[in-house]
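A quick write-up on the structure given underneath.
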Amino acid sequence: MKTLIVCLDGSPLSLRALDRAIEASHCQPADILAVTVVEALSFFDCQATDCETAFSHILREPKRVLAEAQAYAAERGATLRTLAEPGRPAETVARIARQEDADTIYIGSRGKDDVEQLLLGSVSTRLVQIAPCTVVVVR
């Protein structure tokens with residue numbers, strides 16, 4: 001069975017990437033893993049005073065994105081595993097792809113925050129450069 005990874009950030013293009021992975025899983029049996037990466041810089045945005053509360057606060061949005069993705073996939077007859085990981089997005093997804101022996105990674109061409117792309121560079125471009133498998137960039 002193939003393993004497909006979908007990068008989710010709550011953007012419309014990440015949802016389109018999920019659609020592509022679901023379509024692929026209908027053509028050939030596949031395990032879909034939906035991944036969202038929480039950047040370490042997110043800790044600077046949090047006003048919480050203790051680490052446990054801060055971590056819970058930071059994971060609230062990724063958990064919501066992944067829960068919505070599971071519901072979206074179920075409506076389309078697919079199931080998926082989910083994973084929220086801390087780290088740098090492209091590097092973290094590439095590491096997960098190696099660990100999962102993934103066949104394909106699906107990612108939107110632009111993320112949720114275009115300003116972040118200008119500052120940090122394109123996650124999809126970086127992932128194409130370092131991924132251990134095929135990367136499908138969805139527009």
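Chain labels run A, B, ... following the order of the structure tokens; each chain numbers its residues from 1, and ligands are numbered from 1 in the order shown.
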Might you pull out every residue within 9 Å of Ala102 of chain A, with only C-alpha atoms counted and same-chain residues fewer than 6 positions away left off, and present them as a list in words?
Lys2, Thr3, Leu4, Ile5, Ile96, Pro132, Cys133 and Thr134 of chain A
Write the residues of the selection above to a file with N, CA, C and O atoms, as a compact mmCIF listing (two decimals), in the first residue's frame.
```
# COMPACT_ATOMS: atom_id res chain seq x y z
N LYS A 2 0.52 2.22 -0.79
CA LYS A 2 1.27 3.47 -0.86
C LYS A 2 1.00 4.34 0.35
O LYS A 2 -0.06 4.24 0.97
N THR A 3 1.95 5.18 0.66
CA THR A 3 1.78 6.17 1.72
C THR A 3 1.84 7.55 1.10
O THR A 3 2.81 7.89 0.42
N LEU A 4 0.79 8.33 1.34
CA LEU A 4 0.70 9.69 0.83
C LEU A 4 0.70 10.64 2.01
O LEU A 4 0.00 10.42 2.99
N ILE A 5 1.48 11.69 1.91
CA ILE A 5 1.51 12.72 2.95
C ILE A 5 0.90 13.99 2.37
O ILE A 5 1.22 14.38 1.24
N ILE A 96 9.54 13.33 8.16
CA ILE A 96 8.39 12.44 8.33
C ILE A 96 8.25 11.54 7.10
O ILE A 96 7.97 10.34 7.23
N PRO A 132 12.47 13.11 0.08
CA PRO A 132 12.98 11.82 -0.36
C PRO A 132 12.06 11.11 -1.37
O PRO A 132 12.31 9.97 -1.73
N CYS A 133 10.99 11.79 -1.79
CA CYS A 133 10.02 11.17 -2.68
C CYS A 133 9.41 12.23 -3.59
O CYS A 133 9.78 13.40 -3.53
N THR A 134 8.48 11.83 -4.42
CA THR A 134 7.80 12.75 -5.32
C THR A 134 7.01 13.78 -4.52
O THR A 134 6.37 13.44 -3.52
```
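Considering only C-alpha atoms, the residue among A:Val93, A:Val138, A:Ala84, A:Val6 positioned nearest to Pro62 of chain A is A:Ala84.
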Would you mind listing what lies within 12 Å of segment 11-26 of chain A as a PyMOL selection string, with only C-alpha atoms counted and same-chain residues fewer than 3 positions away left out?
chain A and resi 1-8+29-36+62+65-66+68-80+103-114+124+135-139
Could you please write out, as a ChimeraX atom specification, every residue of segment 67-125 of chain A that DSSP assigns to strand (DSSP E or B)?
/A:80-86,104-108
Can those selected residues be exported to a file as a PDB file, in the first residue's frame so that it contains N, CA, C and O atoms?
```pdb
ATOM      1  N   LEU A  80      -7.936   9.206   7.096  1.00  0.00           N
ATOM      2  CA  LEU A  80      -6.546   9.636   7.153  1.00  0.00           C
ATOM      3  C   LEU A  80      -6.061   9.692   8.574  1.00  0.00           C
ATOM      4  O   LEU A  80      -6.839   9.869   9.495  1.00  0.00           O
ATOM      5  N   ARG A  81      -4.780   9.486   8.719  1.00  0.00           N
ATOM      6  CA  ARG A  81      -4.120   9.673   9.992  1.00  0.00           C
ATOM      7  C   ARG A  81      -3.688  11.130  10.054  1.00  0.00           C
ATOM      8  O   ARG A  81      -3.500  11.767   9.022  1.00  0.00           O
ATOM      9  N   THR A  82      -3.514  11.638  11.253  1.00  0.00           N
ATOM     10  CA  THR A  82      -3.076  13.025  11.392  1.00  0.00           C
ATOM     11  C   THR A  82      -1.870  13.122  12.310  1.00  0.00           C
ATOM     12  O   THR A  82      -1.665  12.272  13.185  1.00  0.00           O
ATOM     13  N   LEU A  83      -1.100  14.180  12.091  1.00  0.00           N
ATOM     14  CA  LEU A  83       0.094  14.388  12.892  1.00  0.00           C
ATOM     15  C   LEU A  83       0.409  15.877  12.930  1.00  0.00           C
ATOM     16  O   LEU A  83       0.480  16.528  11.889  1.00  0.00           O
ATOM     17  N   ALA A  84       0.573  16.421  14.124  1.00  0.00           N
ATOM     18  CA  ALA A  84       1.041  17.795  14.317  1.00  0.00           C
ATOM     19  C   ALA A  84       2.436  17.699  14.923  1.00  0.00           C
ATOM     20  O   ALA A  84       2.622  17.061  15.958  1.00  0.00           O
ATOM     21  N   GLU A  85       3.404  18.304  14.263  1.00  0.00           N
ATOM     22  CA  GLU A  85       4.797  18.225  14.705  1.00  0.00           C
ATOM     23  C   GLU A  85       5.399  19.615  14.817  1.00  0.00           C
ATOM     24  O   GLU A  85       5.107  20.485  13.997  1.00  0.00           O
ATOM     25  N   PRO A  86       6.272  19.828  15.787  1.00  0.00           N
ATOM     26  CA  PRO A  86       6.997  21.097  15.846  1.00  0.00           C
ATOM     27  C   PRO A  86       8.194  21.055  14.905  1.00  0.00           C
ATOM     28  O   PRO A  86       8.713  19.985  14.608  1.00  0.00           O
ATOM     29  N   THR A 104       4.518   9.782  -1.972  1.00  0.00           N
ATOM     30  CA  THR A 104       4.216  11.107  -2.524  1.00  0.00           C
ATOM     31  C   THR A 104       3.842  12.065  -1.401  1.00  0.00           C
ATOM     32  O   THR A 104       3.180  11.675  -0.443  1.00  0.00           O
ATOM     33  N   ILE A 105       4.260  13.315  -1.569  1.00  0.00           N
ATOM     34  CA  ILE A 105       3.866  14.400  -0.676  1.00  0.00           C
ATOM     35  C   ILE A 105       3.039  15.380  -1.495  1.00  0.00           C
ATOM     36  O   ILE A 105       3.434  15.765  -2.598  1.00  0.00           O
ATOM     37  N   TYR A 106       1.895  15.785  -0.958  1.00  0.00           N
ATOM     38  CA  TYR A 106       1.038  16.781  -1.598  1.00  0.00           C
ATOM     39  C   TYR A 106       1.091  18.051  -0.764  1.00  0.00           C
ATOM     40  O   TYR A 106       0.913  18.004   0.453  1.00  0.00           O
ATOM     41  N   ILE A 107       1.322  19.180  -1.443  1.00  0.00           N
ATOM     42  CA  ILE A 107       1.428  20.461  -0.745  1.00  0.00           C
ATOM     43  C   ILE A 107       0.875  21.567  -1.630  1.00  0.00           C
ATOM     44  O   ILE A 107       1.019  21.521  -2.858  1.00  0.00           O
ATOM     45  N   GLY A 108       0.243  22.555  -1.020  1.00  0.00           N
ATOM     46  CA  GLY A 108      -0.226  23.717  -1.760  1.00  0.00           C
ATOM     47  C   GLY A 108       0.951  24.586  -2.179  1.00  0.00           C
ATOM     48  O   GLY A 108       1.974  24.631  -1.504  1.00  0.00           O
TER      49      GLY A 108
END
```
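You will find atom CA of Val38 of chain A at 7.5 Å from atom CA of Leu59 of chain A.
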